[in-house]
Amino acid sequence: MYTPPFFKQDRAASLKFAEERGFGTMCAFDGRKPIASPLPFYLTYAADGTPQAAFHLARHNPLLKLAGGEASWLLAVNGPDAYVSPDWYVSPDQVPTWLYQSVHLSGPVRLLSDDELAVQVDTLSEKFESRLLPKQPWTSGKMTAGRLEAMKKGIVGLVMTVEEVEGSFKLNQHKSDADYAAIANALSAGDADAKQISHLMRQAKPQAFAGQAFADDTNMLEGSTP
């Protein structure tokens, strides 16, 4: 990932972002063309602290033919993004740009055993069901044994050993306080992603907004990536 120094995130912040998002696009190269699939995942850590991204694929997914080797796969995890118009800057002679959050995790992938897959299915559902509280969480125990086993036969569990972590949060951090605040203020009137980017900018550089009165839409931002 091309990451200018202003936008580069450290390893801990990048992993935290990826874990909180829990959804990305897994990419691999088959020797002729790239293959990719969007999927949910969760992170675990080996005894030595190495991050691992656990996920599963449909049994007929072409990515499976590439698993188990030494080649590195890439998991791209994206957050909110928003277009920025040059007209919103205080300074003249600006150009259009796009603000975003993105983390790339890469490393080799191995297949999981049936027992490991069972744990993964439960762990993955628990992760996302917890976001729906106070709803009573769904568990695989609510399914009949026959239906659950049939479902498991249609998927294959995998885990990536994360060897490289890259993070880029492009929030216009390199701009002057006046331009930075002007962009955040303009984005606050945009769509949901634009509002989230505006909120993130205010968190990242609060000094740029000294003296400004602003109230976040807490209902919209609840659950957004910090």
# chains A, B, ... in the order shown; residues from 1 in each chain; ligands from 1
$ residues_around --residues "A:Val109" --least-positions-apart "4" --cutoff "10 Å" --atoms "only C-alpha atoms" --output "compact mmCIF listing (two decimals) with C-alpha atoms, in the first residue's frame"
# COMPACT_ATOMS: atom_id res chain seq x y z
CA GLN A 52 -3.97 -14.39 12.64
CA ALA A 53 -7.04 -13.58 10.55
CA ALA A 54 -9.65 -16.38 10.71
CA LEU A 64 -9.50 -22.39 -2.04
CA LEU A 66 -4.61 -21.38 -3.72
CA ALA A 67 -4.70 -22.09 0.03
CA GLY A 68 -2.04 -24.02 1.88
CA GLY A 69 0.94 -22.74 -0.06
CA GLU A 70 3.71 -20.28 0.69
CA ALA A 71 2.27 -17.45 -1.42
CA SER A 72 1.06 -14.42 0.48
CA TRP A 73 -2.60 -13.38 0.37
CA LEU A 74 -3.87 -9.86 0.99
CA LEU A 158 -8.94 -20.88 6.79
CA VAL A 159 -6.56 -18.73 8.77
CA MET A 160 -4.02 -16.20 7.57
CA THR A 161 -0.76 -15.79 9.45
CA VAL A 162 -0.38 -12.01 9.26
$ select_by_dssp --residues "stretch 7-213 of chain A" --states "helix (DSSP H, G or I)" --output "number ranges by chain"
A: 11-21, 62-66, 86-88, 114-132, 140-142, 145-153, 177-187, 192-204, 206-209
$ atom_distance --atom1 "atom CA of A:Gly24" --atom2 "atom CA of A:Asn185"
29.0 Å
$ atom_distance --atom1 "atom CA of A:His60" --atom2 "atom CA of A:Pro34"
16.7 Å
$ closest_residue --among "A:Glu163, A:Asp87, A:Glu19, A:Asp48" --to "A:Ala186" --atoms "only C-alpha atoms"
A:Asp87
$ select_by_dssp --residues "stretch 5-215 of chain A" --states "strand (DSSP E)" --output "VMD selection string"
chain A and resid 23 to 29 34 to 40 42 to 45 51 to 58 73 to 84 97 to 107 109 to 111 155 to 161 164 to 170
$ residues_around --residues "A:Asn61" --least-positions-apart "5" --cutoff "12 Å" --atoms "only C-alpha atoms" --output "PyMOL selection string"
chain A and resi 26+35-39+56+66-67+154-157
$ residues_around --residues "A:Phe6" --least-positions-apart "3" --cutoff "8 Å" --atoms "only C-alpha atoms" --output "PyMOL selection string"
chain A and resi 170+173-174
$ write_last_selection --atoms "all heavy atoms" --output "PDB file, in the first residue's frame"
ATOM      1  N   LYS A 170      -6.106   8.523   5.604  1.00  0.00           N
ATOM      2  CA  LYS A 170      -5.928   9.803   4.941  1.00  0.00           C
ATOM      3  C   LYS A 170      -7.053  10.745   5.359  1.00  0.00           C
ATOM      4  O   LYS A 170      -8.181  10.649   4.871  1.00  0.00           O
ATOM      5  CB  LYS A 170      -5.911   9.642   3.417  1.00  0.00           C
ATOM      6  CG  LYS A 170      -5.640  10.955   2.683  1.00  0.00           C
ATOM      7  CD  LYS A 170      -5.721  10.776   1.173  1.00  0.00           C
ATOM      8  CE  LYS A 170      -5.544  12.116   0.462  1.00  0.00           C
ATOM      9  NZ  LYS A 170      -5.758  12.011  -0.985  1.00  0.00           N
ATOM     10  N   GLN A 173      -4.381  15.309   7.236  1.00  0.00           N
ATOM     11  CA  GLN A 173      -3.593  15.742   8.385  1.00  0.00           C
ATOM     12  C   GLN A 173      -2.495  16.732   8.017  1.00  0.00           C
ATOM     13  O   GLN A 173      -2.020  17.482   8.881  1.00  0.00           O
ATOM     14  CB  GLN A 173      -2.950  14.520   9.069  1.00  0.00           C
ATOM     15  CG  GLN A 173      -3.924  13.506   9.616  1.00  0.00           C
ATOM     16  CD  GLN A 173      -4.193  12.372   8.659  1.00  0.00           C
ATOM     17  OE1 GLN A 173      -4.381  12.594   7.461  1.00  0.00           O
ATOM     18  NE2 GLN A 173      -4.221  11.140   9.159  1.00  0.00           N
ATOM     19  N   HIS A 174      -2.075  16.748   6.760  1.00  0.00           N
ATOM     20  CA  HIS A 174      -0.978  17.601   6.335  1.00  0.00           C
ATOM     21  C   HIS A 174      -1.426  19.029   5.991  1.00  0.00           C
ATOM     22  O   HIS A 174      -0.596  19.887   5.711  1.00  0.00           O
ATOM     23  CB  HIS A 174      -0.280  16.994   5.127  1.00  0.00           C
ATOM     24  CG  HIS A 174      -1.174  16.806   3.936  1.00  0.00           C
ATOM     25  ND1 HIS A 174      -2.379  16.146   3.987  1.00  0.00           N
ATOM     26  CD2 HIS A 174      -1.035  17.210   2.636  1.00  0.00           C
ATOM     27  CE1 HIS A 174      -2.940  16.150   2.798  1.00  0.00           C
ATOM     28  NE2 HIS A 174      -2.150  16.783   1.957  1.00  0.00           N
TER      29      HIS A 174
END
$ atom_distance --atom1 "atom CA of A:Asp179" --atom2 "atom CA of A:Tyr89"
5.2 Å
$ closest_residue --among "A:Arg202, A:Lys8, A:Arg59, A:His104" --to "A:Leu75" --atoms "only C-alpha atoms"
A:His104
